[in-house]
Each structure stands twice: as C-alpha cells, then as structure tokens.
file data21.tsv (TSV, C-alpha atoms)
chain	number	residue	atom	x	y	z
A	1	MET	CA	45.64	-20.23	-29.64
A	2	LYS	CA	45.13	-24.00	-29.57
A	3	THR	CA	46.07	-24.05	-25.91
A	4	GLN	CA	43.47	-21.40	-25.08
A	5	ALA	CA	40.84	-23.26	-27.09
A	6	ARG	CA	41.60	-26.47	-25.22
A	7	GLN	CA	41.42	-24.64	-21.89
A	8	PHE	CA	38.06	-23.12	-22.84
A	9	ALA	CA	36.73	-26.51	-23.90
A	10	ALA	CA	37.94	-28.05	-20.66
A	11	ARG	CA	36.22	-25.35	-18.60
A	12	ALA	CA	33.02	-25.77	-20.59
A	13	GLU	CA	33.13	-29.53	-20.10
A	14	HIS	CA	33.74	-29.06	-16.37
A	15	LEU	CA	30.76	-26.68	-16.08
A	16	LYS	CA	28.59	-29.19	-17.96
A	17	ASN	CA	29.56	-31.93	-15.54
A	18	GLN	CA	28.74	-29.62	-12.62
A	19	GLY	CA	25.41	-28.61	-14.16
A	20	LEU	CA	26.58	-24.98	-14.35
A	21	PHE	CA	27.12	-24.59	-18.07
A	22	LEU	CA	25.10	-21.87	-19.78
A	23	ASP	CA	24.52	-22.12	-23.49
A	24	PRO	CA	25.65	-18.73	-24.92
A	25	LYS	CA	22.87	-18.92	-27.51
A	26	ARG	CA	20.23	-18.67	-24.77
A	27	GLY	CA	21.56	-15.30	-23.69
A	28	ALA	CA	21.77	-13.98	-27.26
A	29	VAL	CA	18.06	-13.03	-27.40
A	30	THR	CA	17.38	-9.30	-27.45
A	31	ILE	CA	15.81	-7.50	-24.50
A	32	ARG	CA	12.93	-6.47	-26.79
A	33	ALA	CA	12.09	-10.05	-27.73
A	34	TYR	CA	12.61	-11.44	-24.24
A	35	ALA	CA	10.61	-8.66	-22.49
A	36	THR	CA	7.66	-9.24	-24.81
A	37	ASP	CA	7.66	-12.95	-24.08
A	38	TRP	CA	8.26	-12.35	-20.36
A	39	LEU	CA	5.26	-10.01	-20.08
A	40	GLU	CA	2.96	-12.48	-21.85
A	41	ARG	CA	3.77	-15.03	-19.14
A	42	ARG	CA	2.97	-12.76	-16.18
A	43	LEU	CA	-0.13	-13.69	-14.18
A	44	VAL	CA	-1.23	-10.15	-13.35
A	45	GLY	CA	-4.42	-8.14	-13.55
A	46	GLU	CA	-5.48	-6.09	-16.55
A	47	ASN	CA	-4.39	-2.76	-15.10
A	48	THR	CA	-1.04	-4.12	-13.91
A	49	HIS	CA	-0.38	-5.66	-17.33
A	50	ARG	CA	-1.17	-2.34	-18.98
A	51	ASN	CA	1.19	-0.50	-16.63
A	52	TYR	CA	4.01	-2.99	-17.27
A	53	ASP	CA	3.52	-2.78	-21.02
A	54	SER	CA	3.54	1.03	-20.91
A	55	PHE	CA	6.78	1.14	-18.92
A	56	LEU	CA	8.52	-1.32	-21.23
A	57	ARG	CA	7.48	0.55	-24.38
A	58	LEU	CA	8.20	4.05	-23.11
A	59	HIS	CA	11.32	3.51	-21.04
A	60	LEU	CA	13.11	0.15	-21.03
A	61	LEU	CA	12.96	-0.87	-24.70
A	62	PRO	CA	13.99	2.48	-26.24
A	63	GLN	CA	17.22	2.39	-24.21
A	64	LEU	CA	18.04	-1.31	-23.84
A	65	GLY	CA	15.78	-3.06	-26.33
A	66	ARG	CA	18.48	-3.72	-28.94
A	67	LYS	CA	20.94	-5.24	-26.48
A	68	THR	CA	21.01	-8.95	-25.79
A	69	LEU	CA	20.35	-10.39	-22.35
A	70	ALA	CA	23.98	-11.44	-22.02
A	71	GLY	CA	25.16	-8.09	-23.37
A	72	VAL	CA	23.56	-5.91	-20.68
A	73	GLU	CA	26.13	-4.85	-18.11
A	74	ARG	CA	25.90	-3.09	-14.78
A	75	ALA	CA	26.97	0.18	-16.41
A	76	ASP	CA	23.98	-0.06	-18.78
A	77	ILE	CA	21.64	-0.39	-15.81
A	78	ASP	CA	23.27	2.56	-14.04
A	79	ARG	CA	22.79	4.76	-17.11
A	80	PHE	CA	19.21	3.56	-17.44
A	81	VAL	CA	18.43	4.44	-13.80
A	82	ALA	CA	20.03	7.86	-14.23
A	83	ALA	CA	17.90	8.57	-17.33
A	84	LEU	CA	14.78	7.28	-15.60
A	85	SER	CA	15.40	9.53	-12.60
A	86	THR	CA	15.18	12.63	-14.81
A	87	LYS	CA	11.62	11.72	-15.81
A	88	LEU	CA	10.09	9.95	-12.82
A	89	SER	CA	10.00	10.46	-9.06
A	90	ALA	CA	12.40	8.49	-6.86
A	91	SER	CA	9.62	6.29	-5.47
A	92	THR	CA	8.36	5.53	-8.99
A	93	VAL	CA	11.90	4.64	-10.12
A	94	HIS	CA	12.14	2.17	-7.24
A	95	ASP	CA	8.78	0.67	-8.18
A	96	ARG	CA	9.65	0.33	-11.88
A	97	MET	CA	13.09	-1.09	-11.20
A	98	THR	CA	11.39	-3.90	-9.30
A	99	LEU	CA	9.88	-4.90	-12.65
A	100	VAL	CA	13.29	-4.72	-14.35
A	101	ARG	CA	14.88	-6.74	-11.54
A	102	ASN	CA	12.21	-9.43	-11.88
A	103	LEU	CA	12.70	-9.60	-15.64
A	104	PHE	CA	16.45	-10.22	-15.37
A	105	GLN	CA	16.02	-12.59	-12.42
A	106	THR	CA	13.69	-14.69	-14.53
A	107	ALA	CA	16.43	-14.85	-17.17
A	108	VAL	CA	18.86	-16.03	-14.48
A	109	ASP	CA	16.39	-18.67	-13.26
A	110	GLU	CA	15.96	-19.87	-16.85
A	111	ARG	CA	19.73	-20.22	-17.15
A	112	ARG	CA	20.02	-17.64	-19.91
A	113	ILE	CA	22.52	-15.45	-18.06
A	114	PRO	CA	24.78	-16.27	-15.09
A	115	ARG	CA	23.79	-13.26	-12.96
A	116	SER	CA	21.49	-10.26	-13.04
A	117	PRO	CA	23.07	-6.90	-13.98
A	118	VAL	CA	20.48	-5.19	-11.76
A	119	ASP	CA	21.86	-6.73	-8.55
A	120	GLY	CA	23.56	-4.05	-6.50
A	121	ALA	CA	22.49	-1.19	-8.78
A	122	LYS	CA	22.16	2.08	-6.89
A	123	LEU	CA	18.74	3.70	-6.96
A	124	PRO	CA	17.81	7.29	-6.04
A	125	ARG	CA	17.13	7.96	-2.39
A	126	VAL	CA	13.44	7.92	-1.54
A	127	GLY	CA	11.97	10.33	0.96
A	128	SER	CA	9.72	9.27	3.80
A	129	ASP	CA	6.35	7.74	2.89
A	130	ALA	CA	4.84	9.17	6.07
A	131	VAL	CA	1.71	11.17	5.39
A	132	ASP	CA	1.86	14.85	6.29
A	133	GLU	CA	-0.68	15.72	8.98
A	134	ASP	CA	-1.63	18.79	6.92
A	135	ALA	CA	-2.75	16.44	4.14
A	136	ILE	CA	-5.43	14.92	6.39
A	137	PRO	CA	-8.80	16.69	6.23
A	138	THR	CA	-10.70	17.36	9.42
A	139	ARG	CA	-14.21	16.08	10.12
A	140	GLU	CA	-15.61	19.51	9.21
A	141	GLU	CA	-13.66	19.55	5.93
A	142	VAL	CA	-14.90	16.09	4.96
A	143	ASP	CA	-18.47	17.29	5.52
A	144	LEU	CA	-17.78	20.41	3.44
A	145	ILE	CA	-16.57	18.32	0.51
A	146	ALA	CA	-19.62	16.04	0.76
A	147	ARG	CA	-21.88	19.10	0.85
A	148	HIS	CA	-20.36	20.72	-2.23
A	149	ILE	CA	-19.84	17.70	-4.47
A	150	GLU	CA	-22.54	16.70	-6.95
A	151	PRO	CA	-25.29	15.14	-4.76
A	152	TYR	CA	-25.06	11.88	-6.73
A	153	TYR	CA	-21.48	11.49	-5.45
A	154	ARG	CA	-22.04	12.50	-1.84
A	155	LEU	CA	-21.98	8.86	-0.70
A	156	SER	CA	-18.65	8.26	-2.44
A	157	VAL	CA	-17.01	10.83	-0.14
A	158	TYR	CA	-18.20	8.99	2.96
A	159	LEU	CA	-17.33	5.56	1.56
A	160	GLN	CA	-13.73	6.75	1.32
A	161	ALA	CA	-13.57	8.71	4.59
A	162	GLY	CA	-15.77	6.37	6.63
A	163	ALA	CA	-14.64	2.99	5.30
A	164	GLY	CA	-11.22	3.70	3.81
A	165	LEU	CA	-12.18	2.61	0.28
A	166	ARG	CA	-10.02	3.63	-2.67
A	167	VAL	CA	-11.86	5.89	-5.09
A	168	SER	CA	-12.09	3.10	-7.71
A	169	GLU	CA	-13.53	0.79	-5.04
A	170	ALA	CA	-16.06	3.37	-3.88
A	171	LEU	CA	-17.26	3.96	-7.46
A	172	ALA	CA	-17.74	0.20	-7.90
A	173	PHE	CA	-19.97	0.01	-4.81
A	174	THR	CA	-23.02	-2.25	-5.22
A	175	THR	CA	-25.90	-3.28	-3.01
A	176	GLN	CA	-24.24	-6.71	-2.81
A	177	CYS	CA	-21.31	-5.12	-0.92
A	178	ARG	CA	-23.48	-4.50	2.11
A	179	ARG	CA	-23.36	-6.98	4.95
A	180	SER	CA	-24.59	-6.92	8.53
A	181	GLY	CA	-22.27	-4.41	10.19
A	182	ALA	CA	-19.68	-4.65	7.41
A	183	LEU	CA	-18.90	-3.82	3.80
A	184	ARG	CA	-17.52	-6.58	1.61
A	185	VAL	CA	-15.27	-4.99	-0.99
A	186	ARG	CA	-14.78	-7.29	-3.97
A	187	GLU	CA	-14.05	-5.18	-7.07
A	188	GLN	CA	-12.95	-1.84	-8.40
A	189	VAL	CA	-13.89	-0.09	-11.62
A	190	SER	CA	-11.49	-0.61	-14.50
A	191	ARG	CA	-9.64	2.35	-15.99
A	192	THR	CA	-11.76	2.27	-19.18
A	193	ALA	CA	-15.13	1.62	-17.51
A	194	HIS	CA	-16.41	5.01	-18.73
A	195	ARG	CA	-16.13	3.95	-22.37
A	196	ALA	CA	-19.06	2.36	-24.15
A	197	ASP	CA	-16.78	-0.24	-25.76
A	198	CYS	CA	-15.19	-1.33	-22.46
A	199	PRO	CA	-15.24	-5.15	-22.40
A	200	GLU	CA	-15.12	-5.45	-18.59
A	201	ARG	CA	-16.12	-2.56	-16.34
A	202	PHE	CA	-15.00	-4.22	-13.10
A	203	GLY	CA	-11.73	-5.82	-12.09
A	204	PRO	CA	-10.10	-7.40	-9.03
A	205	LEU	CA	-8.97	-5.28	-6.10
A	206	LYS	CA	-5.53	-3.71	-6.22
A	207	HIS	CA	-2.77	-6.27	-5.54
A	208	ARG	CA	-5.41	-9.03	-5.36
A	209	THR	CA	-6.46	-11.91	-7.57
A	210	PRO	CA	-9.98	-12.17	-9.02
A	211	GLY	CA	-12.49	-13.24	-6.39
A	212	ALA	CA	-10.46	-11.93	-3.44
A	213	TYR	CA	-12.23	-9.55	-1.09
A	214	ARG	CA	-11.87	-7.74	2.22
A	215	ASP	CA	-14.42	-6.83	4.87
A	216	VAL	CA	-14.50	-3.36	6.40
A	217	PRO	CA	-16.52	-2.23	9.45
A	218	LEU	CA	-19.73	-0.42	8.51
A	219	PRO	CA	-20.47	2.46	10.90
A	220	ALA	CA	-24.09	3.45	11.55
A	221	PHE	CA	-23.74	6.88	9.93
A	222	LEU	CA	-22.56	5.24	6.69
A	223	GLU	CA	-25.55	2.88	6.71
A	224	ARG	CA	-27.79	5.96	6.85
A	225	GLU	CA	-25.90	7.55	3.95
A	226	ILE	CA	-26.33	4.38	1.84
A	227	ASP	CA	-30.05	4.28	2.63
A	228	ALA	CA	-30.43	7.96	1.70
A	229	HIS	CA	-28.67	7.40	-1.63
A	230	LEU	CA	-30.85	4.40	-2.46
A	231	ARG	CA	-34.03	6.29	-1.60
A	232	CYS	CA	-33.03	9.15	-3.88
A	233	TRP	CA	-31.46	7.34	-6.85
A	234	GLY	CA	-31.80	3.61	-6.29
A	235	ALA	CA	-29.34	1.24	-7.97
A	236	THR	CA	-28.61	0.61	-11.65
A	237	PRO	CA	-28.22	-2.96	-12.99
A	238	VAL	CA	-24.85	-3.55	-14.64
A	239	GLY	CA	-24.55	-7.21	-15.54
A	240	ASP	CA	-25.41	-9.15	-12.38
A	241	ARG	CA	-24.64	-6.21	-10.08
A	242	ASP	CA	-26.85	-3.43	-8.71
A	243	VAL	CA	-24.46	-0.49	-8.90
A	244	LEU	CA	-25.00	2.77	-7.02
A	245	PHE	CA	-22.87	5.09	-9.20
A	246	ALA	CA	-23.48	3.75	-12.72
A	247	ARG	CA	-24.32	6.28	-15.42
A	248	ARG	CA	-27.89	6.72	-16.57
A	249	GLY	CA	-29.68	7.93	-19.68
A	250	ALA	CA	-27.79	7.70	-22.97
A	251	ALA	CA	-24.68	6.44	-21.18
A	252	ALA	CA	-26.56	3.86	-19.12
A	253	GLY	CA	-24.36	1.06	-17.87
A	254	THR	CA	-21.05	2.87	-18.20
A	255	MET	CA	-19.19	3.70	-15.04
A	256	PRO	CA	-17.35	6.70	-13.64
A	257	THR	CA	-13.65	6.05	-13.11
A	258	ALA	CA	-11.01	7.60	-10.91
A	259	THR	CA	-10.06	9.80	-13.88
A	260	THR	CA	-13.55	11.03	-14.80
A	261	TYR	CA	-14.50	11.45	-11.13
A	262	GLY	CA	-11.47	13.65	-10.45
A	263	PRO	CA	-12.86	16.91	-11.91
A	264	ASP	CA	-16.06	16.57	-9.83
A	265	PHE	CA	-14.01	16.13	-6.66
A	266	ARG	CA	-11.71	19.07	-7.43
A	267	ARG	CA	-14.69	21.33	-8.13
A	268	ALA	CA	-16.17	20.36	-4.77
A	269	VAL	CA	-12.92	21.11	-2.92
A	270	ARG	CA	-12.68	24.50	-4.65
A	271	ALA	CA	-16.31	25.31	-3.92
A	272	ALA	CA	-15.71	24.44	-0.27
A	273	GLY	CA	-12.84	26.94	-0.18
A	274	LEU	CA	-10.27	24.26	0.71
A	275	LEU	CA	-7.30	25.60	-1.22
A	276	GLY	CA	-3.57	25.46	-0.66
A	277	ARG	CA	-1.09	28.31	-0.80
A	278	ASP	CA	-0.88	27.96	-4.57
A	279	ARG	CA	-4.69	28.25	-4.75
A	280	ALA	CA	-4.89	24.64	-5.95
A	281	PRO	CA	-7.34	22.19	-4.35
A	282	LYS	CA	-5.94	21.17	-0.98
A	283	TYR	CA	-7.23	17.60	-0.99
A	284	THR	CA	-7.58	14.66	-3.39
A	285	PRO	CA	-9.88	11.64	-3.12
A	286	HIS	CA	-6.99	9.64	-1.68
A	287	THR	CA	-6.66	11.99	1.29
A	288	LEU	CA	-10.06	10.75	2.48
A	289	ARG	CA	-8.38	7.38	3.14
A	290	HIS	CA	-5.89	9.26	5.30
A	291	PHE	CA	-8.83	10.55	7.35
A	292	PHE	CA	-10.14	7.02	7.86
A	293	ALA	CA	-6.74	5.61	8.89
A	294	SER	CA	-5.71	8.48	11.16
A	295	THR	CA	-9.07	8.59	12.93
A	296	ALA	CA	-9.03	4.83	13.58
A	297	LEU	CA	-5.47	4.96	14.91
A	298	ALA	CA	-6.23	8.01	17.04
A	299	HIS	CA	-8.86	6.01	18.87
A	300	GLY	CA	-6.62	3.04	19.61
A	301	VAL	CA	-7.56	0.67	16.77
A	302	PRO	CA	-4.58	-1.70	16.24
A	303	VAL	CA	-2.50	-0.80	13.21
A	304	HIS	CA	-2.67	-4.36	11.83
A	305	GLU	CA	-6.48	-4.11	11.68
A	306	VAL	CA	-6.31	-0.73	9.95
A	307	SER	CA	-3.83	-2.20	7.47
A	308	ARG	CA	-6.21	-5.05	6.63
A	309	TRP	CA	-9.18	-2.73	6.19
A	310	LEU	CA	-7.20	-0.43	3.91
A	311	GLY	CA	-6.25	-3.39	1.73
A	312	HIS	CA	-2.49	-2.95	2.07
A	313	THR	CA	-0.45	-5.97	1.03
A	314	SER	CA	1.87	-5.56	4.02
A	315	ILE	CA	1.54	-3.97	7.44
A	316	LYS	CA	4.92	-2.33	6.69
A	317	THR	CA	3.16	-0.12	4.15
A	318	THR	CA	0.67	1.02	6.78
A	319	VAL	CA	3.37	1.66	9.37
A	320	ASP	CA	5.51	3.59	6.87
A	321	ILE	CA	2.59	5.86	5.98
A	322	TYR	CA	0.74	6.19	9.30
A	323	GLY	CA	3.10	4.89	11.99
A	324	HIS	CA	3.88	8.38	13.28
A	325	LEU	CA	0.16	8.96	13.88
A	326	VAL	CA	-0.25	6.03	16.29
A	327	PRO	CA	-1.03	7.38	19.78
A	328	ALA	CA	2.21	7.90	21.65
A	329	ALA	CA	3.05	5.03	24.00
A	330	TRP	CA	5.99	6.76	25.70
A	331	GLU	CA	4.08	7.80	28.83
A	332	ARG	CA	2.32	4.45	29.13
A	333	CYS	CA	5.66	2.64	28.91
A	334	ARG	CA	7.27	5.02	31.42
A	335	GLN	CA	4.50	4.55	33.96
A	336	ALA	CA	4.38	0.78	33.58
A	337	LEU	CA	8.12	0.36	34.07
A	338	ASP	CA	8.21	2.84	36.92
A	339	GLN	CA	5.56	0.84	38.75
A	340	ALA	CA	7.16	-2.51	37.93
A	341	LEU	CA	10.80	-1.70	38.62
A	342	GLY	CA	10.69	1.52	40.64
A	343	PRO	CA	11.86	2.00	44.28
A	344	VAL	CA	10.64	-0.41	46.95
A	345	PRO	CA	7.97	1.12	49.26
A	346	ALA	CA	9.50	3.24	52.07
A	347	ASP	CA	8.35	0.91	54.88
A	348	VAL	CA	10.47	-1.95	53.52
A	349	PRO	CA	14.14	-1.64	54.61
A	350	ALA	CA	16.52	-1.83	51.68
A	351	VAL	CA	19.45	-3.01	53.89
A	352	ALA	CA	19.25	-5.27	56.94
A	353	PRO	CA	20.12	-3.35	60.18
A	354	PRO	CA	23.53	-4.01	61.76
A	355	GLY	CA	23.67	-7.09	63.94
A	356	SER	CA	20.68	-8.75	62.29
A	357	ALA	CA	22.76	-11.24	60.38
A	358	HIS	CA	23.26	-13.50	63.44
A	359	ARG	CA	19.49	-13.56	64.09
A	360	CYS	CA	18.27	-14.60	60.64
A	361	ALA	CA	19.77	-15.09	57.19
A	362	PRO	CA	17.56	-13.60	54.43
A	363	VAL	CA	16.83	-16.02	51.65
A	364	ALA	CA	15.10	-15.79	48.29
A	365	GLY	CA	11.47	-14.89	48.88
A	366	SER	CA	12.32	-12.46	51.72
A	367	THR	CA	10.22	-9.39	52.56
A	368	LEU	CA	12.21	-7.32	50.06
A	369	ASP	CA	11.62	-9.81	47.25
A	370	ARG	CA	7.94	-10.13	48.09
A	371	ALA	CA	7.58	-6.35	48.09
A	372	ARG	CA	9.13	-6.13	44.66
A	373	ASN	CA	6.79	-8.86	43.39
A	374	ARG	CA	3.80	-6.96	44.75
A	375	ALA	CA	5.04	-3.81	43.01
A	376	ILE	CA	5.45	-5.67	39.71
A	377	THR	CA	1.97	-7.20	40.01
A	378	ALA	CA	0.48	-3.82	40.78
A	379	GLY	CA	2.37	-2.36	37.86
A	380	HIS	CA	0.90	-4.90	35.43
A	381	SER	CA	-2.60	-4.20	36.71
A	382	ALA	CA	-2.19	-0.45	36.49
A	383	ALA	CA	-0.60	-0.62	33.05
A	384	SER	CA	-3.65	-2.38	31.62
A	385	ASP	CA	-5.89	0.47	32.79
A	386	ILE	CA	-3.84	3.35	31.38
A	387	PRO	CA	-6.02	5.23	28.90
A	388	VAL	CA	-5.04	5.47	25.23
A	389	GLN	CA	-3.31	8.79	24.58
A	390	ARG	CA	-4.54	11.16	21.94
A	391	MET	CA	-2.51	11.63	18.78
A	392	THR	CA	-1.19	14.87	17.36
A	393	ALA	CA	-3.45	17.90	17.13
A	394	ALA	CA	-4.07	17.55	13.42
A	395	ALA	CA	-5.25	13.96	13.67
A	396	THR	CA	-7.15	14.58	16.95
A	397	SER	CA	-9.22	17.27	15.27
A	398	ALA	CA	-10.22	14.65	12.69
call {"tool": "encode", "arguments": {"input": "data21.tsv", "output": "structure tokens"}}
result
Amino acid sequence: MKTQARQFAARAEHLKNQGLFLDPKRGAVTIRAYATDWLERRLVGENTHRNYDSFLRLHLLPQLGRKTLAGVERADIDRFVAALSTKLSASTVHDRMTLVRNLFQTAVDERRIPRSPVDGAKLPRVGSDAVDEDAIPTREEVDLIARHIEPYYRLSVYLQAGAGLRVSEALAFTTQCRRSGALRVREQVSRTAHRADCPERFGPLKHRTPGAYRDVPLPAFLEREIDAHLRCWGATPVGDRDVLFARRGAAAGTMPTATTYGPDFRRAVRAAGLLGRDRAPKYTPHTLRHFFASTALAHGVPVHEVSRWLGHTSIKTTVDIYGHLVPAAWERCRQALDQALGPVPADVPAVAPPGSAHRCAPVAGSTLDRARNRAITAGHSAASDIPVQRMTAAATSA
C-alpha cells in the first residue's frame, strides 16, 4: 500500500513538473452546477440562450445533472444519445450534441477533466439536407398564397419569396430597410414580440451579433409591393423604427411573430387549395425561401451569392440544401473539353509521311502543336459563350 502511494505521489509530482497535473477537486463539480455557470458565460443572443437553457433543463440535466464532470464516462454519453434519439430527430440530436460537446470541451480547456467523454461518441445517421423539389412552390402558387392571405400580410409573402427573408425577418421589416436597389436586413422579431410585456421586440439576425446586417437585391416588382402596402396601411412607429407589420388598435406596438403568423399562412395555403396527400397545407413560410434560392440558381446566380443573401453562416449549408438544383454543368464541361482536347482537324496529318524524316525534323511548335493550340484557344472562347442550362422541371417552372 505504501509503495502504491509513493508511486502515485511520484506520478502526481511528475505531472506537476510537466504542467499536466489536474486537481481532482476541479472535476468534482456536478454537471448541474457547471452547466449553469457555463451557460451564464456564453455570449449568445436571447433566443439562442433560451434554446440552450431549455435543452439543458429538459434533457441533459435530468439524465446527467447529478454526475460530476470527472464522473461522466463515454458509456453515459452513449446512453444519453440513445435516449435523446427517441425524442428528437437525428438532425436535432446532432445540433444539440454540439452544445454538449462544447460544454465538456470547455471543461477540458479549463483543466477540470483530462479529456471529453463526448469525443468519438456515435450519433444517429442524418439524412440528406437537400430540399425536395416538390417542396418548392411555383410562381403561380406563390401568387395564390399572396392572394388568399390576409391583405395586411400580402407583402410578407413576397418579402420571403422575392428576397429570401426568413419569416421573422420579413415581419420585422421597416421603412429603414429599404435602400436604392437593395434591402438591408438588420433585425428579426423576437419570439415574445406579440406580448405586451415583451422587453425587446427586435433582436439580431440568426447566427449574427447585434448590429450585423446583410444586403439583398431588391427587384422592381417588390418595390411596387412595398409602395402598395405603404399607400394602404402606412407604417407604425415602434421605438425608433417605422414598422410595416406592427399591430394596431388596442395591441398597438406589439408585433406578429413566426408563431402567431403561422395560422394566417396555413389558412391562406388551405384557401388556395394547396394541400398535400394528407390534406394538410402543402407549404410553410420557409418554403418561400426555397423559391427564392431555386429561382436564383436556375438563372445562373452564383451559389456563394445566394448563400450570402440567404444569411447562411457557411456556403456548405447552401450547397447541402440547394446544390442539386444548380444548373447542370455536365454538358458545358463535355463541350469545353471536347473542343480543347479533341481530335486534331482532319487537314493536319497526325503522322509524318514515310521518308519525310530526312527532309525535316519536327520540333516543338510544329504544325501539329500549333493546331492543337488553336483548338484549345477556340475551345476556351466557345466555352465562355455556352448558355447556362436550365435546372430540373420543378425549379424551372418556378
């Protein structure tokens, strides 16, 4: 026993000298206590903080809250993921486990535990994020929804379909958003903006810090829709903003939110007769963003520009969702390479005739080489003039 104690002390002293020693007391804090402190130190928006807090209270703490940081093992994480997968979709599990991974990684960085038990944990397989072409409304269907929704919200339909705004961004639209040929999107309505006691009705854009914004092209038809809305209803002052969709009358100053707007949108889709096989509304407000993205891509707009206008944090997100809708480049590539590297014109001999070797010795830059160079040059020129191909039938009809 004394020998083991001396060996342990020697190892501890060695780790101290190497700067690798971890005080066991620092890992003895419970997950409940550490998670609460960890969340208080996150620099995130109001909605994100609320989502984190909800996940911790409803899922993580009931299962792991009593364990200590040092006491959580890989098996505990595996059981937690399995339980989570029975309640949430695979994509949501992946998203929430990012939070759990960050929590334990912070504990590692703070030298509370030697390694994260989340590292290497297996998560459920996630299906493709690619949008289904059947989930993209056509131009005629967008117009039908705009025609059947409450007239006060008609503009919101076109802000989503014509500028790619999220529903919470469209509902926060103000006269200050309008620029020459562009919309400057700065804020979105908060989740509790419809309540009279809401302290702040507007918040930063999704995945963005306060004050961040993005500019989106403003098509002429959308300018006309904005003008028509202002002529009919004007704008309502909310703080220092002139808001187009703020409530009036007894509820003056409160705002519609994505939740309270939902029933109006579903009623419009039903009234337009746009129902799925289960007789449920075929489209949601978010599908109007699909219309914007697919239409832009169908007409050759670069995917990185579409990604920026949609407000995605990474172009990978845009490619994962809409990459299959980008106009096919197969034929353009085939033609370009055929012209650049295809057979030499028939009037240029591929092999020198017999007996010609003693008359001249071909060198680099010979007729054959020059012919190939001309073909390559012509190929580059032709490739630049190849028209953009149309996308699939569903997106082309949009």
call {"tool": "atom_distance", "arguments": {"input": "data21.tsv", "atom1": "atom CA of A:His207", "atom2": "atom CA of A:Glu169"}}
result
12.9 Å
call {"tool": "closest_residue", "arguments": {"input": "data21.tsv", "among": "A:Arg224, A:Arg214, A:Lys122, A:Lys206", "to": "A:Arg186", "atoms": "all atoms listed in the file"}}
result
A:Arg214
call {"tool": "closest_residue", "arguments": {"input": "data21.tsv", "among": "A:Val185, A:Leu222, A:Val167, A:Leu244", "to": "A:Arg308", "atoms": "all atoms listed in the file"}}
result
A:Val185
call {"tool": "atom_distance", "arguments": {"input": "data21.tsv", "atom1": "atom CA of A:Asp227", "atom2": "atom CA of A:Ala146"}}
result
15.8 Å
call {"tool": "closest_atom_pairs", "arguments": {"input": "data21.tsv", "of": "stretch 82-143 of chain A", "to": "stretch 272-286 of chain A", "cutoff": "8 Å", "atoms": "only C-alpha atoms", "output": "JSON lines"}}
result
{"residue": "A:Ala135", "atom": "CA", "partner": "A:Tyr283", "partner_atom": "CA", "distance": 6.9}
{"residue": "A:Pro137", "atom": "CA", "partner": "A:Tyr283", "partner_atom": "CA", "distance": 7.4}
{"residue": "A:Glu141", "atom": "CA", "partner": "A:Leu274", "partner_atom": "CA", "distance": 7.8}
call {"tool": "atom_distance", "arguments": {"input": "data21.tsv", "atom1": "atom CA of A:Leu69", "atom2": "atom CA of A:Val126"}}
result
28.6 Å
call {"tool": "closest_residue", "arguments": {"input": "data21.tsv", "among": "A:Arg115, A:Ser91, A:Asp23, A:Tyr158", "to": "A:Arg139", "atoms": "only C-alpha atoms"}}
result
A:Tyr158
call {"tool": "closest_residue", "arguments": {"input": "data21.tsv", "among": "A:Leu288, A:Val100, A:Ala82, A:Val303", "to": "A:Leu61", "atoms": "all atoms listed in the file"}}
result
A:Val100
call {"tool": "decode", "arguments": {"input": "data21.tsv", "residues": "stretch 186-224 of chain A", "atoms": "C-alpha atoms", "output": "short mmCIF file (atom, residue, chain, number, x, y, z; two decimals), in the first residue's frame"}}
result
data_model
loop_
_atom_site.label_atom_id
_atom_site.label_comp_id
_atom_site.auth_asym_id
_atom_site.auth_seq_id
_atom_site.Cartn_x
_atom_site.Cartn_y
_atom_site.Cartn_z
CA ARG A 186 -30.77 44.18 -39.73
CA GLU A 187 -33.18 42.55 -37.26
CA GLN A 188 -35.80 39.91 -36.71
CA VAL A 189 -38.76 39.90 -34.35
CA SER A 190 -38.17 38.19 -31.03
CA ARG A 191 -40.17 35.12 -30.08
CA THR A 192 -42.21 37.06 -27.48
CA ALA A 193 -42.74 40.23 -29.54
CA HIS A 194 -46.51 39.59 -29.59
CA ARG A 195 -46.76 40.01 -25.81
CA ALA A 196 -47.48 43.39 -24.28
CA ASP A 197 -44.83 42.84 -21.59
CA CYS A 198 -42.07 41.95 -24.08
CA PRO A 199 -38.98 43.98 -23.09
CA GLU A 200 -37.39 43.93 -26.56
CA ARG A 201 -39.44 43.21 -29.68
CA PHE A 202 -36.46 43.03 -32.04
CA GLY A 203 -33.25 41.03 -31.90
CA PRO A 204 -30.15 40.38 -34.01
CA LEU A 205 -30.33 38.24 -37.13
CA LYS A 206 -29.98 34.48 -36.76
CA HIS A 207 -26.36 33.44 -36.15
CA ARG A 208 -25.33 37.12 -36.08
CA THR A 209 -24.26 39.57 -33.41
CA PRO A 210 -26.24 42.76 -32.68
CA GLY A 211 -25.68 45.38 -35.36
CA ALA A 212 -24.76 42.89 -38.09
CA TYR A 213 -26.74 43.10 -41.30
CA ARG A 214 -26.90 41.76 -44.84
CA ASP A 215 -27.96 43.39 -48.09
CA VAL A 216 -30.29 41.62 -50.51
CA PRO A 217 -31.13 42.67 -54.10
CA LEU A 218 -34.46 44.50 -54.35
CA PRO A 219 -36.34 43.56 -57.54
CA ALA A 220 -38.65 46.12 -59.14
CA PHE A 221 -41.81 44.09 -58.51
CA LEU A 222 -41.01 44.02 -54.77
CA GLU A 223 -40.54 47.80 -54.73
CA ARG A 224 -44.05 48.11 -56.16
#
